[in-house]
Amino acid sequence: MPALRVDELTKSYGQTLALDTLSFEVHEGEVFGFLGPNGAGKSTTINVVLDFIRPTAGRVEVLGLDAQAHSREIRSRTGVLPEGYQVYDRLTARQHLEFAIESKGSDDEPEALLERVGLTDAIDRKAGGYSKGMAQRLMLAMALVGEPDLLILDEPSTGLDPNGAREMREIVREENDRGATVFFSSHSMEQVEAVCDRVGILQDGQMVAVDSVEGLRDSIGGGTSLRVTVDRVDDDALQAVRSLPAVSNVAVENRDPPTITAQVDGSKTAVLAELEDHGVEVRDFSTTEASLEDVFQSYTTGAEVTAR
Ligand SMILES: Nc1ncnc2c1ncn2[C@@H]1O[C@H](COP(=O)(O)OP(=O)(O)OP(=O)(O)O)[C@@H](O)[C@H]1O
């Protein structure tokens with residue numbers, strides 16, 4: 001049974017088609033990154049999953065239950081970090097947690113949860129004085145209440161500094177190790193790389209790709225950028241490299257010593273061997289993979305990708 005099944009989901013807001021027959025599944029126990037540029041439909045999808053808005057057409061199942069018919073049970077088994085921070089200014093972190101613990105009927109301790117998100121020092125301060133990052137940490141602690149089977153995190157790294165973002169990733173891993181399925185949305189491919197088993201890329205309300213990070217990289221053919229420092233450049237050798245399968249954009253940088261650059265979609269050894277067979281001495285070489293932002297751009301703008 002998938003943790004989340006979205007089936008031909010369509011949502012229109014008047015003339016705006018926010019979701020267009022969107023279908024995908026999140027497997028039980030996986031960390032799934034839901035990526036897309038602004039306005040792609042990520043929040044709309046999450047809102048339908050949680051039955052905060054009703055779809056125009058299509059169906060969603062969460063933890064095997066119909067999202068509309070069983071929204072109460074689904075919410076009791078799901079931890080949600082909503083987009084933007086929505087803390088109550090007059091309540092302390094402890095009071096926020098007490099409220100969440102009571103409404104979920106859990107026996108968690110506010111102290112333990114706030115320690116996990118690094119808010120122990122501010123436990124009895126009113127949330128009105130919190131920074132954006134502190135409010136985000138508090139919202140995360142609330143999402144963790146009751147060991148949910150499914151965690152839905154909408155842009156979880158918003159407002160977090162690099163340390164906060166790292167801690168967020170650690171918590172995602174811990175929750176996943178405990179057995180929770182994690183579904184989180186982001187604009188940033190870099191954020192999802194470290195923790196996601198699979199990534200879905202949403203564009204204009206449709207899923208344009210679903211795969212592992214590695215699979216996505218391979219699929220765009222961005223391949224690897226190879227730089228080879230040689231003792232001299234030889235036309236025959238260059239011609240031989242250009243004619244290799246899966247090698248493209250071969251160019252020479254006239255430096256001292258000269259450097260040959262190429263895009264390689266597969267093994268780089270063939271390039272090095274071809275140069276050496278032509279009597280060119282390979283002094284050094286380095287490779288760079290297509291960055292994940294390149295992958296994301298390629299899917300969401302159609303731009304051609306070259307590794308940096
Ligand atoms: N309440 C609403 N009324 C009208 N249009 C809406 C409403 N909510 C969303 N939309 C539109 O639906 C589309 C999808 O928006 P959505 O907020 O789901 O995207 P998103 O991927 O979450 O974007 P972001 O990354 O900016 O949060 C956009 O064109 C948006 O303008």
# chains A, B, ... in the order shown; residues from 1 in each chain; ligands from 1
$ residues_near_ligand --ligand "ligand 1" --cutoff "12 Å" --atoms "only C-alpha atoms and all ligand atoms" --output "PDB file with C-alpha atoms, in the first residue's frame"
ATOM      1  CA  THR A  10      -7.253  18.332 -11.086  1.00  0.00           C
ATOM      2  CA  LYS A  11      -7.810  21.620  -9.275  1.00  0.00           C
ATOM      3  CA  SER A  12      -8.991  24.826 -10.907  1.00  0.00           C
ATOM      4  CA  TYR A  13      -9.236  28.186  -9.192  1.00  0.00           C
ATOM      5  CA  GLY A  14     -11.556  29.990 -11.600  1.00  0.00           C
ATOM      6  CA  GLN A  15      -9.566  30.296 -14.819  1.00  0.00           C
ATOM      7  CA  THR A  16      -6.341  29.050 -13.194  1.00  0.00           C
ATOM      8  CA  LEU A  17      -5.625  25.359 -13.630  1.00  0.00           C
ATOM      9  CA  ALA A  18      -3.408  24.686 -10.590  1.00  0.00           C
ATOM     10  CA  LEU A  19      -3.318  20.864 -10.904  1.00  0.00           C
ATOM     11  CA  ASP A  20      -3.805  19.104 -14.208  1.00  0.00           C
ATOM     12  CA  PHE A  34       8.250  17.205  -4.074  1.00  0.00           C
ATOM     13  CA  LEU A  35       9.947  19.838  -6.171  1.00  0.00           C
ATOM     14  CA  GLY A  36       8.678  22.574  -8.369  1.00  0.00           C
ATOM     15  CA  PRO A  37       9.068  26.257  -9.134  1.00  0.00           C
ATOM     16  CA  ASN A  38       6.775  28.913  -7.621  1.00  0.00           C
ATOM     17  CA  GLY A  39       3.187  28.357  -8.610  1.00  0.00           C
ATOM     18  CA  ALA A  40       3.735  24.772  -9.820  1.00  0.00           C
ATOM     19  CA  GLY A  41       0.974  23.502  -7.517  1.00  0.00           C
ATOM     20  CA  LYS A  42       2.871  22.030  -4.560  1.00  0.00           C
ATOM     21  CA  SER A  43       0.836  23.702  -1.819  1.00  0.00           C
ATOM     22  CA  THR A  44      -2.395  23.012  -3.666  1.00  0.00           C
ATOM     23  CA  THR A  45      -1.507  19.308  -3.765  1.00  0.00           C
ATOM     24  CA  ILE A  46      -0.701  19.275  -0.044  1.00  0.00           C
ATOM     25  CA  ASN A  47      -3.919  21.111   0.761  1.00  0.00           C
ATOM     26  CA  VAL A  48      -5.955  18.526  -1.136  1.00  0.00           C
ATOM     27  CA  VAL A  49      -4.062  15.693   0.575  1.00  0.00           C
ATOM     28  CA  PHE A  52      -8.119  21.668   3.387  1.00  0.00           C
ATOM     29  CA  ILE A  53      -9.330  22.222  -0.176  1.00  0.00           C
ATOM     30  CA  ARG A  54     -11.470  20.033  -2.396  1.00  0.00           C
ATOM     31  CA  PRO A  55     -10.282  18.973  -5.846  1.00  0.00           C
ATOM     32  CA  PRO A  82       2.643  24.042   6.825  1.00  0.00           C
ATOM     33  CA  GLU A  83       4.035  26.669   4.489  1.00  0.00           C
ATOM     34  CA  GLY A  84       4.855  29.947   6.224  1.00  0.00           C
ATOM     35  CA  LEU A 153       6.697  19.222   5.288  1.00  0.00           C
ATOM     36  CA  ASP A 154       5.906  22.196   3.062  1.00  0.00           C
ATOM     37  CA  GLU A 155       9.129  24.117   2.362  1.00  0.00           C
ATOM     38  CA  PRO A 156      10.661  23.009   5.677  1.00  0.00           C
ATOM     39  CA  THR A 158      12.297  28.355   4.897  1.00  0.00           C
ATOM     40  CA  PHE A 184       8.393  17.320   1.578  1.00  0.00           C
ATOM     41  CA  SER A 185       8.129  20.116  -0.881  1.00  0.00           C
ATOM     42  CA  SER A 186      10.919  22.428  -1.877  1.00  0.00           C
ATOM     43  CA  HIS A 187      12.079  24.838  -4.571  1.00  0.00           C
ATOM     44  CA  SER A 188      15.599  23.712  -4.055  1.00  0.00           C
ATOM     45  CA  ILE A 201       9.319  17.427 -10.206  1.00  0.00           C
ATOM     46  CA  LEU A 202       6.078  19.340 -10.622  1.00  0.00           C
ATOM     47  CA  GLN A 203       5.595  21.898 -13.357  1.00  0.00           C
ATOM     48  CA  ASP A 204       2.325  23.651 -14.212  1.00  0.00           C
ATOM     49  CA  GLY A 205       0.316  21.175 -12.158  1.00  0.00           C
ATOM     50  CA  GLN A 206       1.785  18.091 -13.810  1.00  0.00           C
ATOM     51  CA  MET A 207       4.556  15.750 -12.735  1.00  0.00           C
TER      52      MET A 207
END
$ closest_atom_pairs --of "stretch 118-164 of chain A" --to "stretch 109-112 of chain A" --cutoff "9 Å" --atoms "only C-alpha atoms" --output "JSON lines"
{"residue": "A:Leu119", "atom": "CA", "partner": "A:Glu111", "partner_atom": "CA", "distance": 8.9}
{"residue": "A:Thr120", "atom": "CA", "partner": "A:Glu111", "partner_atom": "CA", "distance": 6.9}
{"residue": "A:Ile123", "atom": "CA", "partner": "A:Glu111", "partner_atom": "CA", "distance": 7.6}
{"residue": "A:Ala141", "atom": "CA", "partner": "A:Pro110", "partner_atom": "CA", "distance": 8.5}
{"residue": "A:Val145", "atom": "CA", "partner": "A:Pro110", "partner_atom": "CA", "distance": 8.9}
$ atom_distance --atom1 "atom CA of A:Ser286" --atom2 "atom CA of A:Val199"
28.1 Å
$ closest_residue --among "A:Lys268, A:Arg90, A:Arg75, A:Arg227" --to "A:Val252" --atoms "only C-alpha atoms"
A:Arg227
$ closest_residue --among "A:Leu144, A:Arg77, A:Ser23, A:Gly33" --to "A:Gln191" --atoms "only C-alpha atoms"
A:Gly33
$ residues_around --residues "stretch 230-239 of chain A" --least-positions-apart "5" --cutoff "6 Å" --atoms "only C-alpha atoms" --output "VMD selection string"
chain A and resid 258 275 278 281 to 283
$ residues_around --residues "A:Leu63" --least-positions-apart "6" --cutoff "9 Å" --atoms "only C-alpha atoms" --output "PyMOL selection string"
chain A and resi 1-5+28+74+77+149-150
$ closest_residue --among "A:Gly118, A:Gly133, A:Gly146, A:Gly200" --to "A:Val87" --atoms "only C-alpha atoms"
A:Gly133
